[in-house]
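See below for start_30.pdb, which holds PDB, C-alpha atoms, pLDDT in the B column.
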MODEL        1
ATOM      1  CA  MET A   1       0.000   0.000   0.000  1.00 69.00           C
ATOM      2  CA  LYS A   2       1.446   3.299  -1.056  1.00 86.00           C
ATOM      3  CA  ARG A   3       0.936   6.192   1.332  1.00 88.00           C
ATOM      4  CA  ARG A   4      -0.364   9.347  -0.289  1.00 91.00           C
ATOM      5  CA  GLN A   5      -1.277  12.801   0.872  1.00 93.00           C
ATOM      6  CA  PHE A   6      -4.845  13.767   0.060  1.00 95.00           C
ATOM      7  CA  ARG A   7      -8.150  15.199   1.216  1.00 94.00           C
ATOM      8  CA  LEU A   8     -11.316  13.158   0.901  1.00 95.00           C
ATOM      9  CA  THR A   9     -14.529  15.127   1.316  1.00 94.00           C
ATOM     10  CA  LEU A  10     -17.461  12.943   2.377  1.00 93.00           C
ATOM     11  CA  GLU A  11     -21.168  13.350   2.983  1.00 92.00           C
ATOM     12  CA  PRO A  12     -21.663  10.749   5.721  1.00 93.00           C
ATOM     13  CA  THR A  13     -24.941   9.979   7.417  1.00 93.00           C
ATOM     14  CA  ALA A  14     -25.270  11.289  10.968  1.00 93.00           C
ATOM     15  CA  ASP A  15     -24.511   7.823  12.407  1.00 96.00           C
ATOM     16  CA  ASP A  16     -21.504   7.403  10.116  1.00 96.00           C
ATOM     17  CA  ALA A  17     -20.188  10.843  11.146  1.00 94.00           C
ATOM     18  CA  VAL A  18     -20.411   9.940  14.831  1.00 96.00           C
ATOM     19  CA  ARG A  19     -18.590   6.637  14.307  1.00 97.00           C
ATOM     20  CA  LEU A  20     -15.874   8.314  12.208  1.00 96.00           C
ATOM     21  CA  ALA A  21     -15.368  10.965  14.886  1.00 95.00           C
ATOM     22  CA  GLN A  22     -15.142   8.286  17.565  1.00 96.00           C
ATOM     23  CA  LEU A  23     -12.661   6.295  15.455  1.00 96.00           C
ATOM     24  CA  SER A  24     -10.533   9.397  14.879  1.00 94.00           C
ATOM     25  CA  ARG A  25     -10.431  10.083  18.627  1.00 94.00           C
ATOM     26  CA  TYR A  26      -9.706   6.407  19.341  1.00 95.00           C
ATOM     27  CA  ALA A  27      -6.813   6.389  16.835  1.00 93.00           C
ATOM     28  CA  SER A  28      -5.290   9.564  18.280  1.00 91.00           C
ATOM     29  CA  ASP A  29      -5.592   8.342  21.867  1.00 92.00           C
ATOM     30  CA  LEU A  30      -4.182   4.947  20.979  1.00 91.00           C
ATOM     31  CA  ALA A  31      -1.167   6.467  19.210  1.00 89.00           C
ATOM     32  CA  SER A  32      -0.408   8.950  21.993  1.00 88.00           C
ATOM     33  CA  ARG A  33      -1.213   6.918  25.133  1.00 87.00           C
ATOM     34  CA  GLY A  34      -1.113   3.313  23.979  1.00 85.00           C
ATOM     35  CA  SER A  35      -4.706   2.716  25.050  1.00 85.00           C
ATOM     36  CA  ALA A  36      -8.064   4.277  24.299  1.00 90.00           C
ATOM     37  CA  ASP A  37     -11.743   4.063  25.074  1.00 93.00           C
ATOM     38  CA  ILE A  38     -14.143   3.092  22.319  1.00 95.00           C
ATOM     39  CA  GLY A  39     -17.130   5.384  21.890  1.00 95.00           C
ATOM     40  CA  ALA A  40     -20.552   3.822  22.407  1.00 96.00           C
ATOM     41  CA  ALA A  41     -21.736   4.164  18.801  1.00 97.00           C
ATOM     42  CA  LEU A  42     -18.484   2.809  17.376  1.00 97.00           C
ATOM     43  CA  GLY A  43     -18.296  -0.015  19.916  1.00 96.00           C
ATOM     44  CA  GLY A  44     -21.876  -1.068  19.255  1.00 97.00           C
ATOM     45  CA  HIS A  45     -21.350  -1.015  15.493  1.00 97.00           C
ATOM     46  CA  VAL A  46     -18.146  -3.084  15.705  1.00 97.00           C
ATOM     47  CA  GLY A  47     -19.896  -5.518  18.052  1.00 96.00           C
ATOM     48  CA  VAL A  48     -22.663  -6.100  15.502  1.00 96.00           C
ATOM     49  CA  LEU A  49     -20.212  -6.508  12.598  1.00 96.00           C
ATOM     50  CA  PHE A  50     -17.828  -8.782  14.488  1.00 96.00           C
ATOM     51  CA  PRO A  51     -19.768 -10.594  17.217  1.00 96.00           C
ATOM     52  CA  GLY A  52     -17.622 -12.417  19.716  1.00 94.00           C
ATOM     53  CA  ARG A  53     -14.425 -10.605  18.724  1.00 96.00           C
ATOM     54  CA  ASN A  54     -12.540  -8.185  20.932  1.00 96.00           C
ATOM     55  CA  ARG A  55     -13.546  -4.693  19.791  1.00 96.00           C
ATOM     56  CA  HIS A  56     -10.134  -3.197  20.550  1.00 95.00           C
ATOM     57  CA  ALA A  57      -8.441  -5.897  18.442  1.00 95.00           C
ATOM     58  CA  VAL A  58     -10.817  -5.241  15.542  1.00 96.00           C
ATOM     59  CA  LEU A  59     -10.167  -1.493  15.613  1.00 95.00           C
ATOM     60  CA  GLU A  60      -6.416  -1.907  16.010  1.00 93.00           C
ATOM     61  CA  SER A  61      -6.290  -4.226  12.989  1.00 93.00           C
ATOM     62  CA  LEU A  62      -8.307  -1.669  11.020  1.00 93.00           C
ATOM     63  CA  LEU A  63      -6.026   1.217  12.013  1.00 92.00           C
ATOM     64  CA  GLY A  64      -2.647  -0.501  11.882  1.00 86.00           C
ATOM     65  CA  LYS A  65       0.369   0.435  13.987  1.00 82.00           C
ATOM     66  CA  GLY A  66       1.626   3.886  14.925  1.00 78.00           C
ATOM     67  CA  GLU A  67       0.156   7.241  13.998  1.00 83.00           C
ATOM     68  CA  PRO A  68      -3.033   7.010  11.948  1.00 86.00           C
ATOM     69  CA  GLY A  69      -1.731   9.192   9.086  1.00 90.00           C
ATOM     70  CA  TRP A  70      -5.062  10.993   8.775  1.00 93.00           C
ATOM     71  CA  SER A  71      -7.368  13.270  10.703  1.00 92.00           C
ATOM     72  CA  LEU A  72     -11.032  14.113  10.481  1.00 92.00           C
ATOM     73  CA  VAL A  73     -12.121  17.727  10.119  1.00 88.00           C
ATOM     74  CA  SER A  74     -15.424  19.403   9.386  1.00 81.00           C
ATOM     75  CA  ASP A  75     -15.846  21.367   6.184  1.00 72.00           C
ATOM     76  CA  PRO A  76     -17.723  24.534   7.200  1.00 71.00           C
ATOM     77  CA  GLY A  77     -18.386  25.577   3.602  1.00 68.00           C
ATOM     78  CA  GLN A  78     -19.994  22.259   2.681  1.00 62.00           C
ATOM     79  CA  GLY A  79     -22.874  21.828   5.130  1.00 71.00           C
ATOM     80  CA  GLY A  80     -22.723  18.348   6.646  1.00 77.00           C
ATOM     81  CA  SER A  81     -19.551  17.303   4.877  1.00 88.00           C
ATOM     82  CA  LEU A  82     -16.546  15.884   6.677  1.00 93.00           C
ATOM     83  CA  VAL A  83     -13.004  15.787   5.398  1.00 94.00           C
ATOM     84  CA  ILE A  84     -10.482  13.041   5.928  1.00 95.00           C
ATOM     85  CA  GLN A  85      -7.151  14.755   5.497  1.00 94.00           C
ATOM     86  CA  THR A  86      -3.879  12.939   5.611  1.00 94.00           C
ATOM     87  CA  THR A  87      -1.019  14.080   7.786  1.00 89.00           C
ATOM     88  CA  GLU A  88       2.530  14.528   6.536  1.00 87.00           C
ATOM     89  CA  ALA A  89       3.054  10.754   6.812  1.00 85.00           C
ATOM     90  CA  GLY A  90       0.133  10.137   4.478  1.00 89.00           C
ATOM     91  CA  ALA A  91      -2.203   7.172   4.287  1.00 92.00           C
ATOM     92  CA  ALA A  92      -3.043   4.525   1.727  1.00 92.00           C
ATOM     93  CA  VAL A  93      -6.268   5.231  -0.124  1.00 93.00           C
ATOM     94  CA  SER A  94      -7.144   1.548   0.243  1.00 93.00           C
ATOM     95  CA  ALA A  95      -6.765   1.797   4.045  1.00 93.00           C
ATOM     96  CA  ILE A  96      -9.176   4.744   4.162  1.00 95.00           C
ATOM     97  CA  ALA A  97     -11.601   2.874   1.892  1.00 95.00           C
ATOM     98  CA  ARG A  98     -11.470  -0.112   4.256  1.00 95.00           C
ATOM     99  CA  ILE A  99     -12.155   2.147   7.237  1.00 96.00           C
ATOM    100  CA  LEU A 100     -15.139   3.675   5.463  1.00 97.00           C
ATOM    101  CA  GLU A 101     -16.414   0.246   4.444  1.00 96.00           C
ATOM    102  CA  GLN A 102     -16.343  -0.996   8.046  1.00 96.00           C
ATOM    103  CA  VAL A 103     -17.123   2.134  10.077  1.00 96.00           C
ATOM    104  CA  ALA A 104     -19.121   4.424   7.780  1.00 96.00           C
ATOM    105  CA  PRO A 105     -20.622   2.385   4.936  1.00 96.00           C
ATOM    106  CA  GLY A 106     -23.302   5.007   4.238  1.00 94.00           C
ATOM    107  CA  ALA A 107     -20.571   7.461   3.216  1.00 94.00           C
ATOM    108  CA  LEU A 108     -19.662   5.183   0.299  1.00 94.00           C
ATOM    109  CA  LEU A 109     -23.146   5.591  -1.153  1.00 94.00           C
ATOM    110  CA  ARG A 110     -22.926   9.367  -1.346  1.00 92.00           C
ATOM    111  CA  PRO A 111     -20.778  11.696  -3.456  1.00 91.00           C
ATOM    112  CA  MET A 112     -17.210  12.247  -2.330  1.00 93.00           C
ATOM    113  CA  ILE A 113     -14.329  14.300  -3.655  1.00 93.00           C
ATOM    114  CA  TYR A 114     -10.739  13.075  -3.697  1.00 94.00           C
ATOM    115  CA  GLU A 115      -8.075  15.799  -3.878  1.00 93.00           C
ATOM    116  CA  PRO A 116      -4.401  14.836  -4.082  1.00 94.00           C
ATOM    117  CA  LEU A 117      -2.579  17.388  -1.921  1.00 88.00           C
ATOM    118  CA  SER A 118       0.511  17.502  -4.106  1.00 72.00           C
ATOM    119  CA  LEU A 119      -1.663  18.686  -7.023  1.00 44.00           C
ATOM    120  CA  ARG A 120      -4.144  20.721  -5.021  1.00 43.00           C
ATOM    121  CA  SER A 121      -2.613  24.144  -5.677  1.00 43.00           C
ATOM    122  CA  SER A 122      -3.600  24.191  -9.359  1.00 42.00           C
ATOM    123  CA  GLY A 123      -7.311  23.757  -8.592  1.00 44.00           C
ATOM    124  CA  LYS A 124      -7.805  21.672 -11.756  1.00 44.00           C
ATOM    125  CA  HIS A 125      -7.170  18.266 -10.246  1.00 41.00           C
ATOM    126  CA  HIS A 126     -10.373  17.638  -8.306  1.00 46.00           C
ATOM    127  CA  ARG A 127     -11.707  14.221  -9.109  1.00 49.00           C
ATOM    128  CA  SER A 128     -15.110  13.022  -8.042  1.00 47.00           C
ATOM    129  CA  LEU A 129     -15.226   9.382  -7.039  1.00 48.00           C
ATOM    130  CA  HIS A 130     -18.923   9.143  -7.948  1.00 44.00           C
TER     131      HIS A 130
ENDMDL
END

Just give me the structure as structure tokens.
Amino acid sequence: MKRRQFRLTLEPTADDAVRLAQLSRYASDLASRGSADIGAALGGHVGVLFPGRNRHAVLESLLGKGEPGWSLVSDPGQGGSLVIQTTEAGAAVSAIARILEQVAPGALLRPMIYEPLSLRSSGKHHRSLH
């Protein structure tokens, strides 16, 4: 998986947005403290998807080791949109797609915009994924 630097603008459902926010907080806490609490909405969702499995183990396998390589920010100019923006370390697009598939599947059904950060300054390289 090749790490890239990009912004991915999403239109998640309200439930998906909550779970993404809880996953973002979980990833940050895990990277900085070595342990983290799972939010109720995220924990319940993971429990339904993977019954009988340890929820922390599921999330840690989804996130990988070390810093997450991405952060979640709101996009004030786009209503209910959220932005997944990679950090300097970057993230694999496939890893973000897997996170969305597991944690926020409703976001995959709505329009999203992928913007490579290295090309972002020209303004001509916006590519819609839908």

If you count all atoms listed in the file, the residue of A:Leu49, A:Leu8, A:Ala95, A:Ala27 closest to Glu115 in chain A turns out to be A:Leu8

List the residues selected by the PyMOL selection byres ((chain A and resi 46) around 12) in the file shown, writing them as a PyMOL selection string. chain A and resi 19+22-23+38-45+47-60+62+99+101-104

Would you output that residue set with C-alpha atoms, as a CSV table (one decimal), in the coordinates of the input?
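Result file follows (part_11.csv):
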chain,number,residue,atom,x,y,z
A,19,ARG,CA,-18.6,6.6,14.3
A,22,GLN,CA,-15.1,8.3,17.6
A,23,LEU,CA,-12.7,6.3,15.5
A,38,ILE,CA,-14.1,3.1,22.3
A,39,GLY,CA,-17.1,5.4,21.9
A,40,ALA,CA,-20.6,3.8,22.4
A,41,ALA,CA,-21.7,4.2,18.8
A,42,LEU,CA,-18.5,2.8,17.4
A,43,GLY,CA,-18.3,0.0,19.9
A,44,GLY,CA,-21.9,-1.1,19.3
A,45,HIS,CA,-21.4,-1.0,15.5
A,47,GLY,CA,-19.9,-5.5,18.1
A,48,VAL,CA,-22.7,-6.1,15.5
A,49,LEU,CA,-20.2,-6.5,12.6
A,50,PHE,CA,-17.8,-8.8,14.5
A,51,PRO,CA,-19.8,-10.6,17.2
A,52,GLY,CA,-17.6,-12.4,19.7
A,53,ARG,CA,-14.4,-10.6,18.7
A,54,ASN,CA,-12.5,-8.2,20.9
A,55,ARG,CA,-13.5,-4.7,19.8
A,56,HIS,CA,-10.1,-3.2,20.6
A,57,ALA,CA,-8.4,-5.9,18.4
A,58,VAL,CA,-10.8,-5.2,15.5
A,59,LEU,CA,-10.2,-1.5,15.6
A,60,GLU,CA,-6.4,-1.9,16.0
A,62,LEU,CA,-8.3,-1.7,11.0
A,99,ILE,CA,-12.2,2.1,7.2
A,101,GLU,CA,-16.4,0.2,4.4
A,102,GLN,CA,-16.3,-1.0,8.0
A,103,VAL,CA,-17.1,2.1,10.1
A,104,ALA,CA,-19.1,4.4,7.8

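In terms of minimum interatomic distance to Thr87 in chain A, A:Gln5 ranks closest within A:Gln5, A:Ser74, A:Ser24, A:Thr13, counting all atoms listed in the file.
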
Near Ala31 in chain A, within 9 Å and counting only C-alpha atoms, which residues show up once chain neighbours fewer than 2 positions away are dropped, as a ChimeraX atom specification? /A:26-29,33-36,65-68

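With all atoms listed in the file as the basis for measurement, A:Ala91 is the residue among A:Leu100, A:Ala107, A:Leu117, A:Ala91 that approaches Lys2 in chain A most closely.
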
For this file, the PyMOL selection byres ((chain A and resi 10) around 8) selects which residues, as a PyMOL selection string? chain A and resi 8-9+11-12+81-84+107+110-113

Measure the distance from CA of Asp37 in chain A to CA of Ser61 in chain A in Å and round it to one decimal.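 Between these atoms lies a distance of 15.6 Å.
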
Quick one: pull the distance between CA of Val73 in chain A and CA of Arg25 in chain A, Å, one decimal.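 Those two atoms sit 11.6 Å apart.
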
What would the list of residues within 7 Å of (-2.3, 10.3, 2.5) (file frame) look like as a list in words, if only C-alpha atoms are what count? Arg3, Arg4, Gln5, Phe6, Gly69, Trp70, Thr86, Thr87, Ala89, Gly90, Ala91, Ala92 and Val93 of chain A

Of the candidates A:Gly80, A:Ser118, A:Leu108, A:Leu63, which one gets nearest to Ala17 in chain A if we count all atoms listed in the file? A:Gly80
